[in-house]
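Structure file my_file.txt (compact mmCIF, C-alpha atoms) is printed below.
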# COMPACT_ATOMS: atom_id res chain seq x y z
CA MET A 1 48.49 15.31 68.36
CA SER A 2 47.13 18.35 70.18
CA LEU A 3 47.07 21.75 68.62
CA ASN A 4 48.93 23.08 71.69
CA ASP A 5 51.96 20.97 70.92
CA PRO A 6 54.98 23.32 70.69
CA LYS A 7 56.26 21.35 67.69
CA TRP A 8 53.08 21.89 65.59
CA GLY A 9 53.20 24.63 62.98
CA ASN A 10 55.45 27.58 63.83
CA ARG A 11 55.55 26.84 67.51
CA GLY A 12 58.60 24.69 67.21
CA GLY A 13 60.74 27.78 67.39
CA GLY A 14 63.43 26.75 64.95
CA ASP A 15 64.34 25.10 61.70
CA ASN A 16 63.43 21.46 61.85
CA ARG A 17 65.35 20.51 58.78
CA GLY A 18 68.21 19.51 60.94
CA GLY A 19 68.55 16.29 62.71
CA GLY A 20 66.48 17.36 65.73
CA ASP A 21 63.94 15.23 67.40
CA ASN A 22 60.76 16.07 65.43
CA GLN A 23 57.93 13.61 65.75
CA GLY A 24 55.15 15.81 64.18
CA PRO A 25 54.09 16.51 60.59
CA PRO A 26 56.14 18.89 58.43
CA ASP A 27 55.49 22.58 58.71
CA LEU A 28 53.46 23.80 55.67
CA GLU A 29 54.79 27.31 55.89
CA GLU A 30 58.33 26.00 56.04
CA LEU A 31 57.71 23.86 52.97
CA TRP A 32 56.33 26.85 51.10
CA ARG A 33 59.27 28.95 52.21
CA ASP A 34 61.68 26.27 51.02
CA PHE A 35 59.89 26.15 47.65
CA ASN A 36 60.24 29.93 47.29
CA ARG A 37 63.95 29.72 48.08
CA ARG A 38 64.42 27.11 45.41
CA LEU A 39 62.62 29.27 42.86
CA SER A 40 64.74 32.26 43.87
CA GLY A 41 67.90 30.22 43.47
CA MET A 42 66.79 29.04 40.08
CA PHE A 43 66.56 32.67 38.90
CA GLY A 44 69.97 33.61 40.37
CA ARG A 45 68.84 35.25 43.60
CA ASN A 46 70.81 34.49 46.79
CA SER A 47 68.30 33.75 49.47
CA GLY A 48 71.02 33.42 52.13
CA ARG A 49 71.75 37.16 52.27
CA PRO A 50 69.45 39.94 53.31
CA SER A 51 68.27 42.19 50.57
CA GLY A 52 69.58 45.38 52.17
CA GLY A 53 73.02 44.21 53.47
CA SER A 54 76.42 45.10 51.99
CA GLY A 55 78.78 42.37 51.47
CA GLY A 56 82.40 42.62 50.24
CA GLY A 57 84.36 45.07 48.19
CA ASP A 58 81.90 45.60 45.35
CA GLY A 59 79.03 46.47 47.70
CA GLY A 60 75.52 45.93 46.48
CA ASN A 61 76.59 45.58 42.85
CA ARG A 62 78.02 42.13 43.28
CA LEU A 63 76.26 39.51 41.22
CA PRO A 64 74.78 36.62 43.18
CA GLU A 65 76.60 33.38 43.06
CA PHE A 66 74.91 30.90 40.65
CA ASN A 67 73.86 27.67 42.34
CA PHE A 68 73.67 24.87 39.79
CA ARG A 69 72.34 22.42 42.33
CA GLN A 70 69.35 24.57 43.24
CA PHE A 71 68.67 25.34 39.60
CA GLY A 72 68.65 21.68 38.66
CA GLY A 73 66.28 20.81 41.48
CA GLY A 74 63.69 23.43 40.47
CA ILE A 75 63.75 22.41 36.82
CA GLY A 76 63.25 18.78 37.73
CA LEU A 77 60.26 19.60 39.95
CA ILE A 78 58.58 21.67 37.28
CA ALA A 79 59.35 19.09 34.61
CA ALA A 80 57.91 16.34 36.74
CA PHE A 81 54.78 18.39 37.44
CA GLY A 82 54.39 19.25 33.77
CA ALA A 83 54.94 15.64 32.76
CA VAL A 84 52.16 14.53 35.08
CA ILE A 85 49.78 17.10 33.66
CA TRP A 86 50.80 16.18 30.10
CA LEU A 87 50.25 12.49 30.67
CA ALA A 88 46.94 13.16 32.42
CA SER A 89 45.70 15.01 29.35
CA GLY A 90 45.58 11.68 27.53
CA PHE A 91 42.54 10.44 29.45
CA TYR A 92 39.13 10.75 27.77
CA ILE A 93 35.64 9.29 28.27
CA VAL A 94 33.57 7.63 25.54
CA ASP A 95 29.80 7.54 26.12
CA ALA A 96 27.63 4.53 25.36
CA SER A 97 26.26 6.20 22.22
CA GLN A 98 29.71 7.17 20.96
CA ARG A 99 32.83 5.62 19.53
CA GLY A 100 36.33 6.99 19.97
CA ILE A 101 38.76 7.36 17.09
CA VAL A 102 42.45 7.64 18.07
CA LEU A 103 44.74 9.43 15.65
CA GLN A 104 48.51 9.20 15.79
CA PHE A 105 50.13 12.17 14.11
CA GLY A 106 46.85 12.72 12.25
CA ARG A 107 46.58 9.14 11.01
CA PHE A 108 43.98 6.61 12.09
CA LEU A 109 45.26 4.25 14.77
CA GLU A 110 42.31 2.52 16.43
CA ALA A 111 38.64 2.77 17.38
CA THR A 112 37.78 2.57 21.09
CA GLU A 113 34.65 1.33 22.80
CA PRO A 114 32.65 3.24 25.46
CA GLY A 115 34.33 3.82 28.83
CA LEU A 116 37.35 5.62 30.32
CA ARG A 117 40.20 5.50 27.81
CA TRP A 118 43.77 6.74 27.63
CA ARG A 119 45.97 7.66 24.72
CA LEU A 120 49.32 9.31 24.32
CA PRO A 121 48.96 13.04 24.87
CA TYR A 122 49.02 15.69 22.19
CA PRO A 123 50.81 16.13 19.79
CA ILE A 124 51.59 12.44 19.51
CA GLN A 125 48.03 11.21 19.57
CA THR A 126 44.60 12.83 19.44
CA HIS A 127 41.06 11.48 19.54
CA GLU A 128 37.67 12.18 17.99
CA LEU A 129 34.29 11.25 19.50
CA VAL A 130 31.63 10.20 17.00
CA ASN A 131 27.95 9.83 17.97
CA LEU A 132 26.53 6.73 16.26
CA THR A 133 22.97 6.72 17.63
CA GLY A 134 21.99 10.34 17.11
CA VAL A 135 19.52 10.83 14.22
CA ARG A 136 20.47 13.62 11.85
CA THR A 137 17.99 15.23 9.45
CA VAL A 138 18.53 17.13 6.22
CA GLU A 139 15.84 18.98 4.27
CA ILE A 140 15.70 18.99 0.48
CA GLY A 141 13.50 21.43 -1.43
CA TYR A 142 12.77 23.59 1.62
CA ARG A 143 14.39 24.92 4.77
CA GLY A 144 12.65 24.91 8.12
CA SER A 145 9.10 25.18 6.77
CA GLU A 146 7.38 24.03 3.60
CA ARG A 147 6.71 27.66 2.72
CA ASN A 148 10.42 28.39 2.53
CA LYS A 149 10.92 26.63 -0.77
CA VAL A 150 14.24 26.06 -2.47
CA LEU A 151 13.13 25.79 -6.09
CA LYS A 152 16.57 24.80 -7.29
CA GLU A 153 16.24 21.55 -5.34
CA ALA A 154 12.45 21.09 -5.46
CA LEU A 155 11.60 21.39 -9.17
CA MET A 156 11.94 18.08 -11.02
CA LEU A 157 10.97 16.76 -14.46
CA THR A 158 8.79 13.65 -14.84
CA ASP A 159 8.73 11.03 -17.57
CA ASP A 160 5.71 12.63 -19.30
CA GLU A 161 7.56 15.98 -19.49
CA ASN A 162 5.76 17.67 -16.62
CA ILE A 163 7.37 19.69 -13.83
CA VAL A 164 6.55 18.85 -10.20
CA ASN A 165 7.54 20.50 -6.95
CA ILE A 166 8.78 17.88 -4.46
CA GLN A 167 9.90 18.53 -0.89
CA PHE A 168 11.25 15.73 1.28
CA ALA A 169 13.41 15.10 4.33
CA VAL A 170 16.12 12.49 4.88
CA GLN A 171 17.00 11.07 8.30
CA TYR A 172 20.30 9.25 8.75
CA ILE A 173 22.67 7.86 11.36
CA LEU A 174 26.35 6.91 11.32
CA LYS A 175 27.37 3.30 10.98
CA ASP A 176 31.15 3.58 10.45
CA PRO A 177 32.96 6.36 12.34
CA GLN A 178 36.23 5.85 10.46
CA GLN A 179 34.61 6.32 7.04
CA TYR A 180 32.56 9.23 8.38
CA LEU A 181 35.68 11.11 9.56
CA PHE A 182 38.08 10.38 6.71
CA ASN A 183 35.84 10.07 3.63
CA ASN A 184 33.52 13.05 4.18
CA ARG A 185 34.22 16.73 4.05
CA GLY A 186 30.59 17.53 4.86
CA ALA A 187 28.20 14.71 5.81
CA ASP A 188 25.03 16.77 5.38
CA ASP A 189 26.09 17.99 1.95
CA SER A 190 26.87 14.43 0.88
CA VAL A 191 23.44 13.21 1.98
CA ILE A 192 21.66 16.12 0.30
CA GLN A 193 23.41 15.58 -3.02
CA ALA A 194 22.91 11.79 -2.96
CA ALA A 195 19.23 12.04 -2.01
CA GLU A 196 18.50 14.73 -4.59
CA THR A 197 20.19 12.64 -7.27
CA ALA A 198 18.19 9.55 -6.30
CA VAL A 199 14.84 11.35 -6.26
CA ARG A 200 15.48 13.05 -9.59
CA GLU A 201 16.28 9.70 -11.17
CA ILE A 202 13.12 8.06 -9.80
CA VAL A 203 10.85 10.99 -10.70
CA GLY A 204 12.35 11.14 -14.19
CA LYS A 205 11.23 7.54 -14.79
CA SER A 206 7.68 8.02 -13.42
CA LYS A 207 4.49 9.70 -14.58
CA MET A 208 3.25 12.88 -12.94
CA ASP A 209 0.05 11.35 -11.58
CA PHE A 210 2.03 8.48 -10.08
CA VAL A 211 4.41 10.86 -8.30
CA LEU A 212 1.69 13.17 -6.98
CA TYR A 213 -0.90 10.62 -5.87
CA GLU A 214 -0.76 6.85 -5.72
CA GLY A 215 3.02 6.43 -5.92
CA ARG A 216 4.28 8.79 -3.21
CA GLU A 217 5.11 6.02 -0.73
CA GLN A 218 6.79 3.94 -3.40
CA VAL A 219 8.85 6.91 -4.58
CA ALA A 220 10.05 7.52 -1.00
CA ALA A 221 10.98 3.85 -0.52
CA ASN A 222 12.86 3.69 -3.83
CA ALA A 223 14.62 6.97 -3.03
CA GLN A 224 15.81 5.60 0.33
CA LYS A 225 17.21 2.48 -1.31
CA LEU A 226 18.95 4.34 -4.13
CA THR A 227 20.38 6.99 -1.77
CA GLN A 228 21.87 4.28 0.43
CA GLU A 229 23.48 2.66 -2.60
CA ILE A 230 25.07 5.95 -3.62
CA LEU A 231 26.40 6.64 -0.12
CA ASP A 232 27.80 3.12 0.17
CA ARG A 233 29.48 3.49 -3.20
CA TYR A 234 31.40 6.49 -1.86
CA ALA A 235 32.09 4.77 1.52
CA THR A 236 30.65 7.62 3.58
CA GLY A 237 29.82 5.52 6.64
CA ILE A 238 26.24 6.88 6.67
CA GLN A 239 23.08 4.79 7.10
CA VAL A 240 19.84 6.31 5.73
CA SER A 241 17.04 5.49 8.15
CA LYS A 242 14.04 7.12 6.45
CA VAL A 243 13.01 9.32 3.52
CA THR A 244 9.78 11.28 4.10
CA MET A 245 7.84 13.02 1.33
CA GLN A 246 6.69 16.33 2.81
CA ASN A 247 4.93 17.78 -0.20
CA ALA A 248 4.43 16.98 -3.89
CA GLN A 249 2.49 19.31 -6.14
CA PRO A 250 2.70 21.06 -9.51
CA PRO A 251 4.35 24.49 -9.70
CA GLU A 252 2.34 27.45 -8.48
CA GLN A 253 2.24 29.00 -11.97
CA VAL A 254 0.11 26.14 -13.34
CA GLN A 255 -1.74 25.18 -10.17
CA ALA A 256 -5.15 26.44 -11.41
CA ALA A 257 -4.91 24.63 -14.75
CA PHE A 258 -3.76 21.51 -12.99
CA ASP A 259 -6.76 21.64 -10.64
CA ASP A 260 -9.10 21.90 -13.64
CA ALA A 261 -7.43 18.90 -15.25
CA VAL A 262 -7.79 16.94 -12.03
CA LYS A 263 -11.50 17.77 -11.80
CA ALA A 264 -12.01 16.74 -15.42
CA GLY A 265 -10.27 13.45 -14.73
CA GLN A 266 -12.48 12.88 -11.71
CA ASP A 267 -15.61 13.59 -13.78
CA ARG A 268 -14.40 11.13 -16.39
CA GLU A 269 -13.87 8.44 -13.78
CA ARG A 270 -17.31 9.14 -12.30
CA GLN A 271 -19.01 8.78 -15.68
CA LYS A 272 -17.10 5.62 -16.39
CA ASN A 273 -18.24 4.19 -13.09
CA GLU A 274 -21.85 5.13 -13.79
CA GLY A 275 -21.66 3.52 -17.23
CA GLN A 276 -20.13 0.40 -15.75
CA ALA A 277 -22.89 0.24 -13.14
CA TYR A 278 -25.56 0.54 -15.86
CA ALA A 279 -23.86 -2.18 -17.89
CA ASN A 280 -23.70 -4.40 -14.85
CA ASP A 281 -27.46 -3.96 -14.46
CA VAL A 282 -28.54 -4.41 -18.11
CA ILE A 283 -26.18 -7.08 -19.37
CA PRO A 284 -27.12 -9.77 -16.81
CA ARG A 285 -30.81 -9.22 -17.50
CA ALA A 286 -30.27 -9.43 -21.27
CA ARG A 287 -28.25 -12.58 -20.83
CA GLY A 288 -31.01 -14.05 -18.68
CA ALA A 289 -33.66 -13.23 -21.29
CA ALA A 290 -31.52 -14.73 -24.04
CA SER A 291 -30.97 -17.86 -22.00
CA ARG A 292 -34.71 -18.14 -21.36
CA LEU A 293 -35.48 -17.80 -25.08
CA LEU A 294 -32.90 -20.45 -25.89
CA GLU A 295 -34.43 -22.80 -23.36
CA GLU A 296 -37.93 -22.17 -24.73
CA ALA A 297 -36.71 -22.76 -28.27
CA ASP A 298 -35.07 -25.99 -27.24
CA ALA A 299 -38.28 -27.06 -25.49
CA TYR A 300 -40.38 -26.18 -28.54
CA LYS A 301 -37.98 -28.03 -30.76
CA GLY A 302 -38.17 -31.11 -28.59
CA ARG A 303 -41.94 -30.96 -28.44
CA VAL A 304 -42.36 -30.56 -32.20
CA VAL A 305 -39.89 -33.29 -32.95
CA ALA A 306 -41.58 -35.62 -30.50
CA GLN A 307 -45.02 -34.82 -31.96
CA ALA A 308 -43.75 -35.38 -35.49
CA GLU A 309 -42.25 -38.68 -34.50
CA GLY A 310 -45.54 -39.63 -32.83
CA ASP A 311 -47.53 -38.69 -35.94
CA ALA A 312 -45.15 -40.65 -38.11
CA SER A 313 -45.45 -43.65 -35.84
CA ARG A 314 -49.25 -43.39 -35.87
CA PHE A 315 -49.30 -43.09 -39.63
CA LYS A 316 -47.20 -46.20 -39.93
CA GLN A 317 -49.61 -48.06 -37.66
CA ILE A 318 -52.59 -46.83 -39.67
CA LEU A 319 -50.83 -47.83 -42.85
CA THR A 320 -50.39 -51.31 -41.48
CA GLU A 321 -54.09 -51.54 -40.58
CA TYR A 322 -55.06 -50.03 -43.94
CA ALA A 323 -53.16 -52.76 -45.71
CA LYS A 324 -55.17 -55.30 -43.76
CA ALA A 325 -58.66 -53.68 -44.17
CA PRO A 326 -58.68 -50.70 -46.55
CA GLU A 327 -62.43 -50.02 -46.50
CA VAL A 328 -62.82 -50.09 -42.77
CA THR A 329 -59.77 -47.99 -42.23
CA ARG A 330 -60.90 -45.46 -44.84
CA GLN A 331 -64.31 -45.16 -43.22
CA ARG A 332 -62.80 -44.73 -39.80
CA MET A 333 -60.50 -42.03 -41.02
CA TYR A 334 -63.39 -40.21 -42.66
CA ILE A 335 -65.50 -40.38 -39.54
CA ASP A 336 -62.60 -39.07 -37.40
CA THR A 337 -62.00 -36.22 -39.77
CA MET A 338 -65.65 -35.21 -39.90
CA GLN A 339 -65.89 -35.35 -36.15
CA GLN A 340 -62.94 -33.07 -35.84
CA VAL A 341 -64.31 -30.63 -38.41
CA LEU A 342 -67.90 -30.55 -37.21
CA SER A 343 -66.98 -30.38 -33.53
CA ASN A 344 -65.32 -27.02 -34.15
CA THR A 345 -68.25 -25.41 -36.00
CA SER A 346 -71.56 -23.93 -34.80
CA LYS A 347 -73.52 -24.65 -37.97
CA ILE A 348 -76.77 -26.67 -37.76
CA LEU A 349 -77.96 -28.88 -40.58
CA VAL A 350 -81.76 -29.03 -41.13
CA ASP A 351 -83.49 -31.51 -43.38
CA ALA A 352 -85.47 -29.27 -45.71
CA LYS A 353 -87.29 -32.24 -47.29
CA GLY A 354 -89.45 -32.75 -44.23
CA SER A 355 -93.22 -32.00 -44.25
CA GLY A 356 -93.12 -29.49 -41.46
CA ASN A 357 -93.70 -25.85 -42.18
CA LEU A 358 -92.43 -24.26 -39.02
CA LEU A 359 -89.49 -25.48 -37.03
CA TYR A 360 -88.56 -24.61 -33.54
CA LEU A 361 -84.83 -24.87 -33.13
CA PRO A 362 -83.56 -24.88 -29.55
CA LEU A 363 -80.15 -23.46 -30.41
CA ASP A 364 -79.05 -23.36 -26.79
CA LYS A 365 -79.70 -27.09 -26.42
CA LEU A 366 -77.87 -27.89 -29.61
CA MET A 367 -74.89 -25.83 -28.60
CA GLN A 368 -74.75 -27.63 -25.27
CA VAL A 369 -74.81 -30.98 -27.06
CA THR A 370 -71.96 -29.88 -29.31
CA ALA A 371 -69.94 -28.60 -26.33
CA SER A 372 -70.46 -31.83 -24.44
CA VAL A 373 -69.28 -33.84 -27.43
CA VAL A 374 -66.15 -31.76 -27.70
CA ALA A 375 -65.52 -32.16 -23.97
CA GLY A 376 -65.85 -35.92 -24.36
CA ALA A 377 -69.12 -36.40 -22.48
CA ALA A 378 -72.11 -38.22 -24.05
CA PRO A 379 -75.39 -36.21 -24.40
CA SER A 380 -78.02 -36.91 -21.82
CA ALA A 381 -80.83 -37.05 -24.42
CA ASP A 382 -81.22 -37.52 -28.10
CA PRO A 383 -81.01 -34.19 -29.91
CA ALA A 384 -83.86 -35.25 -32.17
CA GLN A 385 -86.18 -35.42 -29.19
CA ALA A 386 -85.33 -31.87 -28.23
CA VAL A 387 -86.69 -30.55 -31.55
CA ARG A 388 -90.36 -29.81 -31.25
CA PRO A 389 -92.72 -28.14 -33.74
CA SER A 390 -94.66 -25.16 -32.55
CA SER A 391 -98.01 -26.19 -34.02
CA ALA A 392 -97.70 -29.50 -35.89
CA PRO A 393 -95.77 -32.61 -35.07
CA VAL A 394 -92.48 -33.11 -36.82
CA THR A 395 -90.95 -36.46 -37.58
CA GLU A 396 -87.44 -37.38 -36.64
CA SER A 397 -86.33 -37.05 -40.21
CA ALA A 398 -87.17 -33.38 -40.21
CA ILE A 399 -84.10 -32.48 -38.22
CA THR A 400 -80.84 -34.28 -38.71
CA PRO A 401 -78.24 -33.23 -36.20
CA PRO A 402 -74.56 -33.81 -36.89
CA ARG A 403 -73.51 -37.36 -36.46
CA VAL A 404 -71.12 -37.76 -33.66
CA ASP A 405 -69.29 -40.94 -32.94
CA ALA A 406 -67.59 -41.34 -29.63
CA LEU A 407 -63.88 -41.64 -29.88
CA SER A 408 -61.45 -42.93 -27.40
CA GLY A 409 -60.01 -40.53 -24.85
CA GLU A 410 -56.56 -40.92 -26.33
CA ALA A 411 -57.66 -39.83 -29.82
CA ARG A 412 -59.53 -36.76 -28.50
CA THR A 413 -56.57 -35.67 -26.45
CA ARG A 414 -54.25 -36.02 -29.42
CA GLU A 415 -56.53 -34.02 -31.71
CA ALA A 416 -57.05 -31.28 -29.12
CA THR A 417 -53.27 -30.94 -28.73
CA ARG A 418 -52.88 -30.67 -32.48
CA ASN A 419 -55.54 -27.97 -32.69
CA ARG A 420 -53.87 -25.90 -29.97
CA ASP A 421 -50.53 -26.20 -31.70
CA ARG A 422 -52.06 -24.92 -34.92
CA GLY A 423 -53.72 -22.07 -33.09
CA GLU A 424 -50.34 -21.02 -31.56
CA ARG A 425 -48.69 -21.06 -34.93
For this file, write the structure as structure tokens.
Amino acid sequence: MSLNDPKWGNRGGGDNRGGGDNQGPPDLEELWRDFNRRLSGMFGRNSGRPSGGSGGGDGGNRLPEFNFRQFGGGIGLIAAFGAVIWLASGFYIVDASQRGIVLQFGRFLEATEPGLRWRLPYPIQTHELVNLTGVRTVEIGYRGSERNKVLKEALMLTDDENIVNIQFAVQYILKDPQQYLFNNRGADDSVIQAAETAVREIVGKSKMDFVLYEGREQVAANAQKLTQEILDRYATGIQVSKVTMQNAQPPEQVQAAFDDAVKAGQDRERQKNEGQAYANDVIPRARGAASRLLEEADAYKGRVVAQAEGDASRFKQILTEYAKAPEVTRQRMYIDTMQQVLSNTSKILVDAKGSGNLLYLPLDKLMQVTASVVAGAAPSADPAQAVRPSSAPVTESAITPPRVDALSGEARTREATRNRDRGER
């Protein structure tokens, strides 16, 4: 429709509420004017008369005529508009990280999932949005920074009656929105009290050195487990995600003495390690020497026993031969004994009954003969021929060298072994 159409807007020239031929849209100004007339009628004003006219016998003081029809129409329009707004107030949006809790007259009704939801408007029903994925953190023993200590929470007593200063943080999330809303007056206060109780119980059962040094991670893990048990016992709907030990140290008043004790303990451990290293060096060597001596003793024992058994066996054999030929056996034994005795001496026997006055004794030749006999080799020449007088001839009877009978190689070896054994003893 063109804007120049005489029936568009106010260009119609008359009231189109009648049954005239009106093909265009309604006039906005006329609608607004009609709305104002209805409001005026609702408050008792007569919109049909001019404000300055006089009408009737009572003049301008005549009360306007009350129109129940107009009043009822205005109330219905406002009520309908208000009802729409009231019903629209029941819409709410639940994010993906949230859960909605609908309350009917303050009592739990249902839990809603993420999305656009609707409930009955207030005061019949209300809703609460609870964030389940957001991580909340509470600090115990300090606030904001480790320097801002809260000694009432941080000082704890250990099992060995020592006081330690412990600062830790607890991170938690919500796992049950209904329990979180209805069973908690203050979630952070509940977590702080439960965590402090758990840590005090664990520290009270542990030694100071364990809490301050090697057991810090274990204390944190046990505190997380015990805190969760306490919160579940009270049905708080809270899930503890992590307990972090920020600081653990003795009180400042005894810090210097504690440092001295720690240094002394470290010195003690160092000396123990040095002593253990020395023991690890000396003890194996001593054990090796003892084992070697035991092996040598066992070897000596075996050798002596074997030699004794051999001597006993030889004696039995000689005894058997002696029973057969006593004289021959006795002579042989004498000769063997004299050979053994004389072969180990450097003395020279000279026949003094000879007629010679001056003897020339080649001691070097005699010693060589003796050495060769001991070694088992026969002499290359008769020792009597090596003795020569310096001025007069000397008979063979003048010099009588030791008589040496050749023995078998087995007998010489046995006697030499026996001599060495005696020398070692």
Produce the centre coordinates and the three edge lengths, each in Å to one decimal, of the box along x, y and z that contains all listed atoms of stretch 102-117 of chain A with 6 Å added on each side, as AutoDock Vina command-line options.
--center_x 41.4 --center_y 7.0 --center_z 20.7 --size_x 29.5 --size_y 23.4 --size_z 31.3
For this session: Write out as a list in words the residues lying within 12 Å of stretch 145-151 of chain A, counting all atoms listed in the file and excluding same-chain residues fewer than 2 positions away.
Result: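 The filter keeps Glu139, Ile140, Gly141, Tyr142, Arg143, Glu153, Ala154, Leu155, Met156, Ile163, Val164, Asn165, Ile166, Gln167, Phe168, Ala169, Met245, Gln246, Asn247, Ala248, Gln249, Pro250, Pro251 and Glu252 of chain A.
Atom pair atom CA of A:Thr112 / atom CA of A:Thr236: separated by 19.6 Å.
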Problem set entry | Residue nearest A:Leu226 - candidates A:Ala88, A:Val203, A:Leu109, A:Ala194, atoms counted: only C-alpha atoms |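 Nearest candidate to A:Leu226 out of A:Ala88, A:Val203, A:Leu109, A:Ala194: A:Ala194.
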Seminar exercise, completed: Correct to one decimal, the distance atom CA of A:Leu157-atom CA of A:Gly204 is 5.8 Å
